[in-house]
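Worksheet: one structure, shown below.
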Amino acid sequence: MAAPEAAPLAARAEAEAARGGAGDGMAALLLLLLLVAAGPGPGPGRADAERERRDALREELLLSPLPTGDVAATFQFRTRWDADLQRGSVSHYRLFPKALGRLVAALGVRELHLALTQGFWRTRYWGQPPLQAPAGAELWVWFQPTVPDVDKAWKELSNILSGIFCASLNFIDSTNTVIPTASFKPLGLANGTDHHLLRYAVLPREVVCTENLTPWKKLLPCGSKAGLAVLLKAERLFHSSYHSQAVHIRPICRDASCLAVSWELRQTLTVVFDFFSSGQGKKDWSLFKMFSRTLTDTCPLASQSKVYVDISPKNKETELLEVSPPPTSVHEAIVQGDRKTYAVYDLLSPSLFNTSRSLNVQLKWKRPQDSSEMPIPTLHAQRYVGGYGLQTGEICTLIYNTHPYRAFPVILLETVPWYLRLYVHTLTIITKGKENKPSYIHYQPAQDRRRPHLLEMLIQLPANSVTKITIQFERALLKWTEYPPDPNHGFYVGSSVLSALVPSVTAMKDVDVEQSPLFTSLFPSSDGSSYFVRLYTEPLLVNLPTPDFSMPYNVICLTCTVVAVCYGSFYNLLTRTFHVEEPSRGGLAKRLANVIRKFRGVPPL
Amino acid sequence: MVAAAAAMAADEAGTGGLGCSVSVRCFPAPRPRSLGSRAGAERCPRRAGAGSARRPVLRDHRRGAGAAAVVEDDRDVPSCPALRGHRWARPAAVRTSVTSRYEMRYRSTTGQEEAALAAATAREADAALHLLQDTTLGSLTMYVVPETSSLLPQGINVYVGKHRSALVRAVGSLAALQARLREVTQLMSFTATSIAAALSDRVPDGQLSPDARRYLKSSLGYEITFSLLNPDPKSHTVDWDIEGAVNRYVKPVLDKLSLVANFSVDSQILYYAVLGVTPRYDKESSSFLLSAHSLPHVINPVEARLGSSAASLYPVLNFLLYVPERSHSPLYIQDKDGAPVSTNAFHSPRWGGIMVYNVEAPASPQASLPLHVDVDMARVMEVFLAQLRLLFGLSREEVPTEFLLEGPGNEGLADWELDHLLWAHTVENIATVSTTLTSLAQLLDKIGNIVIKDDVASEVYRAVASVQSAVTKLSLGHLHAAFQASKEAVTSSERAFFDPSLLHLLYFPDDQKFAIYIPLFLPMAVPILLSLAKIVRETRLRKKEPTKMD
């Protein structure tokens with residue numbers, strides 16, 4: 001395997017950034033502070049003030065028109081709790097949901113990321129998502145180093161989460177769990193990245209629907225009764241091209257000095273509405289058209305409640321679109337390498353609801369937009385199954401770097417179920433017609449019915465290039481009980497994950513993470529020259545040789561019938577008594593014959 | 001789950017488990033006369049021969065309430081019972097086959113006890129005596145004081161202390177005293193009804209009072225969740241110092257109960273959680289009313305928000321504090337007669353309790369919203385702790401007027417109440433184990449080819465061994481050891497019963513095997529049946545016309 005120096009820059013930078021740039025001695029200091037805090041409690045006068053700011057909820061909605069004419073709506077609800085979930089036998093929850101808090105405390109979870117997604121984010125056409133998730137269910141968890149048996153805790157955790165979110169996460173077992181070494185680094189505060197504490201699983205077959213949304217909404221302090229969550233109406237959300245809901249729990253720094261830990265629960269939900277086809281070619285939209293609701297009041301528990309609308313001018317032209325009502329303010333930021341302009345509606349500002357009782361953000365295009373040029377994201381990827389027949393095949397991944405002059409490395413994580421037998425010697429990586437040697441490869445072969453293949457590679461992508469990665473596989477024959485219902489539908493192979501620090505075209509300036517919009521802050525950028533991107537490719541659907549499941553029963557039926565018929569006639573032969581029958585007056589045929597004979601004048605029989 | 005009728009906890013709530021609300025009757029304590037004790041002792045019928053001025057002390061080692069019916073013959077009470085044992089036995093519950101046996105020992109008081117009993121009041125004497133006793137679980141000490149003793153107030157003949165002791169005034173004949181001692185023993189350990197209540201799931205309906213089904217089932221642990229429901233956060237910001245309240249009021253009780261089970265406590269605040277019933281507006285009192293018959297419908301919609309105990313398998317006890325929304329306050333609960341409930345709270349059997357906490361309307365209607373509310377935790381916890389006692393079956397039963405029960409004090413329950421709980425839970429655990437093992441045996445009988453793994457088998461053996469040792473220890477009166485053994489038995493039997501390999505559905509049922517072979521059996525059966533029919537027809541014909549045979 002590769003040298004540890006090859007440990008991916010991207011992930012390391014990411015972890016570093018989350019730590020807020022604090023040194024390594026921070027961990028020891030933090031422990032000391034916690035010990036002090038556990039001592040005598042604050043006085044009664046301070047207790048109130050303490051309680052005031054112990055937990056906070058920030059909610060926001062980002063509406064961004066996509067290049068294709070669709071509209072993406074991203075909700076983020078962040079509950080921040082200035083308490084240490086790991087210690088203390090008695091826990092008193094206010095805004096933080098008790099179910100998740102208890103889970104974190106009981107199972108020694110350091111970081112938890114769960115995403116349930118229906119549909120696929122088309123990065124090539126829709127651009128870089130604020131937070132992408134693979135189709136189906138994705139769960140990755142970092143455990144505390146104190147957890148004695150990580151596998152047991154992981155199993156228990158997935159079962160409990162399955163119960164909380166009504167998802168089939170209980171199907172996560174050793175056959176679809178991997179331990180990535182480089183791709184997934186803690187997003188929050190962490191003082192060690194021993195990847196044995198990490199577990200990652202994807203269930204691409206999972207179908208996400210209302211029953212998953214309802215428990216997700218229940219975790220919000222205001223439920224769906226007030227605030228932005230009023231818009232979360234299931235029948236509209238699932239009438240969309242893409243729906244992804246996620247829960248992220250991580251420890252973060254309490255303040256800039258980062259001496260104490262806070263816990264952050266981030267609930268995100270992304271929907272993409274297709275207005276181009278449903279709106280007769282018009283790209284105009286409004287909140288009411290999308291959600292069939294408007295915003296009427298704020299959640300009284302939220303300390304921040306904002307709606308952002310992406311009104312960035314394209315190609316430096318004059319503004320083509322117009323939002324109404326007029327926004328409270330305009331915010332400019334550089335998000336994922338692009339200069340963006342947002343119209344901001346602050347729901348907590350009293351002026352907003354003064355004029356009208358409800359807020360219905362509308363966007364109109366001033367003149368039809370020529371949709372000929374679409375901005376192509378710097379990094380995007382594509383994956384498909386090649387080959388023919390039911391014996392062998394080939395997984396092809398194409399990774400595009402469209403940056404005009406900068407090369408950058410990307411970590412590719414590929415998880416393939418054991419019933420596709422990968423041949424590593426057939427792995428080829430070709431860029432611009434030449435072989436591209438990965439600087440780091442971690443391959444863990446599968447074991448039948450025990451664990452999947454895991455392939456992690458660090459690949460350098462030259463500027464303006466396409467990299468093609470192919471690997472051949474053979475399809476295994478399963479036992480007849482191992483086939484899922486409807487096996488002819490095919491077997492899913494989960495999305496592969498691309499993590500990269502993409503160099504930015506425009507320079508970014510350092511901003512206060514706490515004050516910037518939430519959608520920018522899950523992956524904070526370490527420096528101004530690059531930004532972190534995690535992309536997921538399409539899940540694959542592979543056909544496996546499937547037996548005729550009714551065959552045994554058919555055989556039983558047929559043989560039984562033959563045996564029964566033989567038996568019947570044999571039995572008849574054995575039991576029948578034969579005796580000579582006296583000719584009687586005859587049956588119908590004889591009488592008919594006699595009538596005919598009578599007509600003919602012949603003597604009857 | 002909560003379809004069960006919510007019973008009113010109004011009366012019990014008043015008797016409170018808190019230090020601040022104990023129902024101690026205060027009385028002027030007369031000074032004990034210096035010679036009074038001797039005078040009393042001389043009149044004491046139990047006086048030991050060696051002429052001491054000591055009061056005889058009745059020590060009662062109660063012996064087991066075993067699940068197996070162990071009845072020993074009543075031995076005649078010796079003429080001089082001092083320092084001799086005495087046993088009596090009787091069935092603990094007529095309808096359950098549990099019998100109980102008490103072992104009594106009599107002795108004289110020691111000098112230290114004498115000094116302790118010279119205290120001014122019964123309570124002081126109880127506290128002083130507590131230091132002298134050996135506090136074995138399941139044993140009781142009763143001190144018989146002379147009739148003229150001023151230790152007990154006028155009209156009170158029995159004083160039950162906070163620990164495992166009682167003071168009994170020697171009034172009337174020896175037989176009457178003995179009867180009274182038995183009565184006190186039962187009160188302080190278990191009665192027929194408490195054992196029947198512990199077995200309530202196994203006793204047919206109709207034989208039990210509705211209260212019996214209120215008690216929580218015995219479990220290895222319980223989770224206690226306090227939830228503050230604030231359906232109207234726009235008008236009320238409610239703050240409760242639950243952390244302090246738990247430490248001050250709940251913790252002492254749970255520390256004491258930790259012998260019985262593991263407890264975990266947490267709390268949460270739920271916003272926009274409304275009751276399932278719209279309260280009725282009452283014009284006369286200009287308040288809103290929830291009538292008793294609508295209470296069962298209150299819990300269900302709330303329960304969906306409470307969140308399950310995902311991280312553990314222990315039963316959850318929910319205590320909800322409901323701050324009614326501004327448009328529905330003040331809100332009062334009415335009992336069946338239409339009178340408002342003084343505590344404004346009710347409980348649901350085996351589930352928990354709900355208390356409605358009304359917010360005082362601001363003096364001026366222009367007061368800015370949201371209104372800040374600080375919950376008076378002492379008032380709330382008083383109710384919740386009373387409900388907790390009730391759910392554990394620790395409600396004080398009706399006692400004769402001559403009995404005086406000491407309040408449980410800050411710890412929420414007296415030592416003998418803990419014993420009471422342990423007796424009941426041990427019997428219930430043993431019954432649970434026998435039910436579990438019986439149904440496991442039934443399952444194994446039903447599926448002939450089931451595979452029993454070694455670990456399952458060893459769990460079953462362990463459960464049987466533990467339950468046997470629990471029964472033996474129970475009949476010997478070793479309460480603590482018996483309880484531990486019964487807990488182990490429950491753990492082992494549950495682990496065996498819920499082993500995933502023993503799933504009924506894993507095995508191919510026989511009727512389906514037969515169904516698969518129907519294509520074979522059916523065509524083969526046709527000629528057989530036909531020929532059978534033919535044989536029957538022919539025999540019948542033959543019988544009808546026997547002459548034709550010739």
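Going by the structure tokens order, chains are called A, B, ..., each with residues numbered from 1, while ligands are numbered from 1 in the order shown.
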8 Å contact set for Ile430 of chain B, only C-alpha atoms, chain neighbours under 3 positions out, as a PyMOL selection string: chain B and resi 67+426-427+433-434+467+470-471+486+489-490
For segment 437-453 of chain B: contacts at 12 Å, only C-alpha atoms, fewer than 2 positions along chain excluded, given as a PyMOL selection string: chain B and resi 430-435+455-464+467+489-510
With N, CA, C and O atoms retained, could you export that selection as a compact mmCIF listing (two decimals), in the first residue's frame?
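Output contents, as saved in out-v7.txt:
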# COMPACT_ATOMS: atom_id res chain seq x y z
N ILE B 430 -40.22 -13.73 39.23
CA ILE B 430 -40.28 -15.19 39.18
C ILE B 430 -41.43 -15.63 38.29
O ILE B 430 -41.29 -16.53 37.45
N ALA B 431 -42.55 -14.94 38.41
CA ALA B 431 -43.69 -15.28 37.57
C ALA B 431 -43.38 -15.01 36.10
O ALA B 431 -43.73 -15.80 35.22
N THR B 432 -42.68 -13.90 35.84
CA THR B 432 -42.33 -13.57 34.46
C THR B 432 -41.43 -14.64 33.87
O THR B 432 -41.63 -15.07 32.73
N VAL B 433 -40.45 -15.06 34.64
CA VAL B 433 -39.53 -16.08 34.14
C VAL B 433 -40.29 -17.36 33.83
O VAL B 433 -40.09 -17.97 32.77
N SER B 434 -41.19 -17.73 34.72
CA SER B 434 -41.88 -19.00 34.46
C SER B 434 -42.77 -18.87 33.23
O SER B 434 -42.86 -19.78 32.42
N THR B 435 -43.38 -17.70 33.03
CA THR B 435 -44.19 -17.51 31.82
C THR B 435 -43.31 -17.56 30.57
O THR B 435 -43.65 -18.21 29.58
N ASP B 455 -25.66 -21.50 23.15
CA ASP B 455 -25.75 -20.35 24.05
C ASP B 455 -27.19 -20.16 24.53
O ASP B 455 -27.43 -19.76 25.67
N VAL B 456 -28.14 -20.47 23.65
CA VAL B 456 -29.54 -20.36 24.07
C VAL B 456 -29.82 -21.38 25.17
O VAL B 456 -30.44 -21.06 26.20
N ALA B 457 -29.32 -22.57 24.94
CA ALA B 457 -29.56 -23.63 25.94
C ALA B 457 -28.96 -23.24 27.28
O ALA B 457 -29.59 -23.39 28.33
N SER B 458 -27.74 -22.67 27.23
CA SER B 458 -27.11 -22.33 28.51
C SER B 458 -27.87 -21.19 29.19
O SER B 458 -27.95 -21.15 30.42
N GLU B 459 -28.44 -20.29 28.38
CA GLU B 459 -29.24 -19.22 28.99
C GLU B 459 -30.46 -19.81 29.69
O GLU B 459 -30.85 -19.37 30.77
N VAL B 460 -31.07 -20.79 29.04
CA VAL B 460 -32.25 -21.41 29.64
C VAL B 460 -31.87 -22.10 30.95
O VAL B 460 -32.53 -21.94 31.97
N TYR B 461 -30.75 -22.84 30.92
CA TYR B 461 -30.32 -23.52 32.14
C TYR B 461 -30.05 -22.51 33.24
O TYR B 461 -30.42 -22.69 34.40
N ARG B 462 -29.39 -21.41 32.84
CA ARG B 462 -29.06 -20.40 33.84
C ARG B 462 -30.34 -19.79 34.41
O ARG B 462 -30.43 -19.55 35.62
N ALA B 463 -31.31 -19.56 33.53
CA ALA B 463 -32.56 -18.97 34.01
C ALA B 463 -33.24 -19.90 35.01
O ALA B 463 -33.71 -19.45 36.06
N VAL B 464 -33.24 -21.18 34.68
CA VAL B 464 -33.91 -22.12 35.58
C VAL B 464 -33.17 -22.18 36.91
O VAL B 464 -33.78 -22.12 37.98
N VAL B 467 -33.81 -19.00 38.87
CA VAL B 467 -35.16 -18.85 39.41
C VAL B 467 -35.34 -19.82 40.57
O VAL B 467 -36.01 -19.50 41.55
N ALA B 489 -32.43 -14.23 36.52
CA ALA B 489 -33.29 -15.18 35.82
C ALA B 489 -34.06 -14.49 34.72
O ALA B 489 -34.18 -15.01 33.61
N VAL B 490 -34.56 -13.28 35.00
CA VAL B 490 -35.31 -12.55 33.98
C VAL B 490 -34.39 -12.25 32.80
O VAL B 490 -34.75 -12.48 31.64
N THR B 491 -33.19 -11.76 33.10
CA THR B 491 -32.27 -11.42 32.02
C THR B 491 -31.98 -12.63 31.15
O THR B 491 -32.06 -12.55 29.92
N SER B 492 -31.66 -13.74 31.79
CA SER B 492 -31.31 -14.93 31.01
C SER B 492 -32.49 -15.43 30.21
O SER B 492 -32.36 -15.78 29.04
N SER B 493 -33.66 -15.47 30.83
CA SER B 493 -34.80 -16.04 30.12
C SER B 493 -35.20 -15.15 28.95
O SER B 493 -35.55 -15.64 27.88
N GLU B 494 -35.11 -13.82 29.14
CA GLU B 494 -35.47 -12.94 28.03
C GLU B 494 -34.46 -13.10 26.90
O GLU B 494 -34.83 -13.11 25.73
N ARG B 495 -33.20 -13.22 27.28
CA ARG B 495 -32.18 -13.35 26.24
C ARG B 495 -32.41 -14.64 25.45
O ARG B 495 -32.26 -14.66 24.23
N ALA B 496 -32.79 -15.68 26.14
CA ALA B 496 -33.05 -16.93 25.43
C ALA B 496 -34.30 -16.80 24.56
O ALA B 496 -34.31 -17.23 23.41
N PHE B 497 -35.31 -16.17 25.11
CA PHE B 497 -36.58 -16.12 24.38
C PHE B 497 -36.47 -15.25 23.14
O PHE B 497 -37.05 -15.56 22.11
N PHE B 498 -35.71 -14.15 23.26
CA PHE B 498 -35.64 -13.23 22.13
C PHE B 498 -34.43 -13.50 21.25
O PHE B 498 -34.04 -12.65 20.47
N ASP B 499 -33.83 -14.64 21.36
CA ASP B 499 -32.71 -14.96 20.49
C ASP B 499 -33.20 -15.02 19.05
O ASP B 499 -34.22 -15.66 18.77
N PRO B 500 -32.50 -14.35 18.14
CA PRO B 500 -33.00 -14.30 16.76
C PRO B 500 -33.08 -15.67 16.09
O PRO B 500 -33.81 -15.84 15.13
N SER B 501 -32.33 -16.64 16.60
CA SER B 501 -32.36 -17.95 15.93
C SER B 501 -33.64 -18.71 16.26
O SER B 501 -33.96 -19.71 15.60
N LEU B 502 -34.37 -18.25 17.25
CA LEU B 502 -35.59 -18.97 17.64
C LEU B 502 -36.82 -18.34 17.02
O LEU B 502 -37.89 -18.40 17.59
N LEU B 503 -36.64 -17.72 15.88
CA LEU B 503 -37.80 -17.08 15.27
C LEU B 503 -38.68 -18.13 14.61
O LEU B 503 -38.23 -18.96 13.84
N HIS B 504 -39.93 -18.04 14.91
CA HIS B 504 -40.90 -18.99 14.42
C HIS B 504 -40.92 -19.03 12.90
O HIS B 504 -41.01 -20.09 12.28
N LEU B 505 -40.77 -17.84 12.29
CA LEU B 505 -40.93 -17.77 10.84
C LEU B 505 -39.74 -18.33 10.08
O LEU B 505 -39.81 -18.49 8.87
N LEU B 506 -38.65 -18.60 10.80
CA LEU B 506 -37.48 -19.13 10.11
C LEU B 506 -37.72 -20.55 9.64
O LEU B 506 -37.00 -21.06 8.81
N TYR B 507 -38.71 -21.18 10.18
CA TYR B 507 -38.91 -22.60 9.88
C TYR B 507 -40.08 -22.77 8.95
O TYR B 507 -41.10 -22.10 9.07
N PHE B 508 -39.87 -23.67 8.02
CA PHE B 508 -40.85 -23.90 6.97
C PHE B 508 -42.03 -24.64 7.59
O PHE B 508 -41.87 -25.75 8.10
N PRO B 509 -43.20 -24.06 7.56
CA PRO B 509 -44.32 -24.74 8.23
C PRO B 509 -44.75 -25.99 7.47
O PRO B 509 -44.63 -26.06 6.24
N ASP B 510 -45.25 -26.95 8.21
CA ASP B 510 -45.59 -28.24 7.64
C ASP B 510 -46.74 -28.16 6.65
O ASP B 510 -46.78 -28.88 5.64
Residue with smallest distance to Asp82 of chain A - pool A:Pro221, A:Pro148, A:Pro325, A:Pro251, counting only C-alpha atoms: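 Under the stated criterion, the closest residue is A:Pro251.
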Proximal residues of chain A relative to chain B (only C-alpha atoms; 8 Å) as a PyMOL selection string: chain A and resi 89-95+97-99+102-103+106+160+163-164+218+221-223+225+300-301+553+556-557+560-561+563-565+567-568+571-572
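Note that atom CA of Gln133 of chain B and atom CA of Ala115 of chain B are 13.7 Å apart.
Residue neighbourhood of Val533 of chain A, excluding near-sequence residues (fewer than 5 positions): Gln336, Leu498, Ser499, Ala500, Leu501 and Val502 of chain A, at 8 Å, using only C-alpha atoms.
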Since we have the selection now, will you write its residues out, keeping all heavy atoms, as a PDB file, in the first residue's frame?
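New file out_17.pdb:
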ATOM      1  N   GLN A 336     -18.074  28.394  -3.583  1.00  0.00           N
ATOM      2  CA  GLN A 336     -17.533  27.367  -4.457  1.00  0.00           C
ATOM      3  C   GLN A 336     -16.922  27.976  -5.719  1.00  0.00           C
ATOM      4  O   GLN A 336     -17.210  27.584  -6.845  1.00  0.00           O
ATOM      5  CB  GLN A 336     -18.617  26.347  -4.804  1.00  0.00           C
ATOM      6  CG  GLN A 336     -19.009  25.549  -3.573  1.00  0.00           C
ATOM      7  CD  GLN A 336     -20.095  24.575  -3.822  1.00  0.00           C
ATOM      8  OE1 GLN A 336     -20.958  24.853  -4.636  1.00  0.00           O
ATOM      9  NE2 GLN A 336     -20.066  23.458  -3.138  1.00  0.00           N
ATOM     10  N   LEU A 498     -16.250  11.290  -5.070  1.00  0.00           N
ATOM     11  CA  LEU A 498     -15.090  12.073  -5.470  1.00  0.00           C
ATOM     12  C   LEU A 498     -14.918  13.208  -4.479  1.00  0.00           C
ATOM     13  O   LEU A 498     -15.857  13.971  -4.242  1.00  0.00           O
ATOM     14  CB  LEU A 498     -15.310  12.676  -6.860  1.00  0.00           C
ATOM     15  CG  LEU A 498     -15.356  11.733  -8.035  1.00  0.00           C
ATOM     16  CD1 LEU A 498     -15.899  12.461  -9.244  1.00  0.00           C
ATOM     17  CD2 LEU A 498     -13.965  11.246  -8.325  1.00  0.00           C
ATOM     18  N   SER A 499     -13.749  13.280  -3.880  1.00  0.00           N
ATOM     19  CA  SER A 499     -13.485  14.385  -2.976  1.00  0.00           C
ATOM     20  C   SER A 499     -12.288  15.137  -3.510  1.00  0.00           C
ATOM     21  O   SER A 499     -11.282  14.526  -3.871  1.00  0.00           O
ATOM     22  CB  SER A 499     -13.174  13.886  -1.570  1.00  0.00           C
ATOM     23  OG  SER A 499     -14.056  12.862  -1.224  1.00  0.00           O
ATOM     24  N   ALA A 500     -12.395  16.446  -3.555  1.00  0.00           N
ATOM     25  CA  ALA A 500     -11.297  17.211  -4.131  1.00  0.00           C
ATOM     26  C   ALA A 500     -11.275  18.608  -3.557  1.00  0.00           C
ATOM     27  O   ALA A 500     -12.291  19.143  -3.129  1.00  0.00           O
ATOM     28  CB  ALA A 500     -11.442  17.283  -5.646  1.00  0.00           C
ATOM     29  N   LEU A 501     -10.094  19.160  -3.546  1.00  0.00           N
ATOM     30  CA  LEU A 501      -9.942  20.582  -3.280  1.00  0.00           C
ATOM     31  C   LEU A 501      -9.798  21.239  -4.647  1.00  0.00           C
ATOM     32  O   LEU A 501      -8.767  21.108  -5.301  1.00  0.00           O
ATOM     33  CB  LEU A 501      -8.700  20.843  -2.436  1.00  0.00           C
ATOM     34  CG  LEU A 501      -8.854  20.822  -0.930  1.00  0.00           C
ATOM     35  CD1 LEU A 501      -7.543  21.175  -0.284  1.00  0.00           C
ATOM     36  CD2 LEU A 501      -9.932  21.771  -0.479  1.00  0.00           C
ATOM     37  N   VAL A 502     -10.837  21.893  -5.084  1.00  0.00           N
ATOM     38  CA  VAL A 502     -10.846  22.437  -6.427  1.00  0.00           C
ATOM     39  C   VAL A 502     -10.294  23.854  -6.370  1.00  0.00           C
ATOM     40  O   VAL A 502     -10.739  24.663  -5.561  1.00  0.00           O
ATOM     41  CB  VAL A 502     -12.276  22.430  -6.982  1.00  0.00           C
ATOM     42  CG1 VAL A 502     -12.314  23.093  -8.347  1.00  0.00           C
ATOM     43  CG2 VAL A 502     -12.799  21.015  -7.048  1.00  0.00           C
TER      44      VAL A 502
END
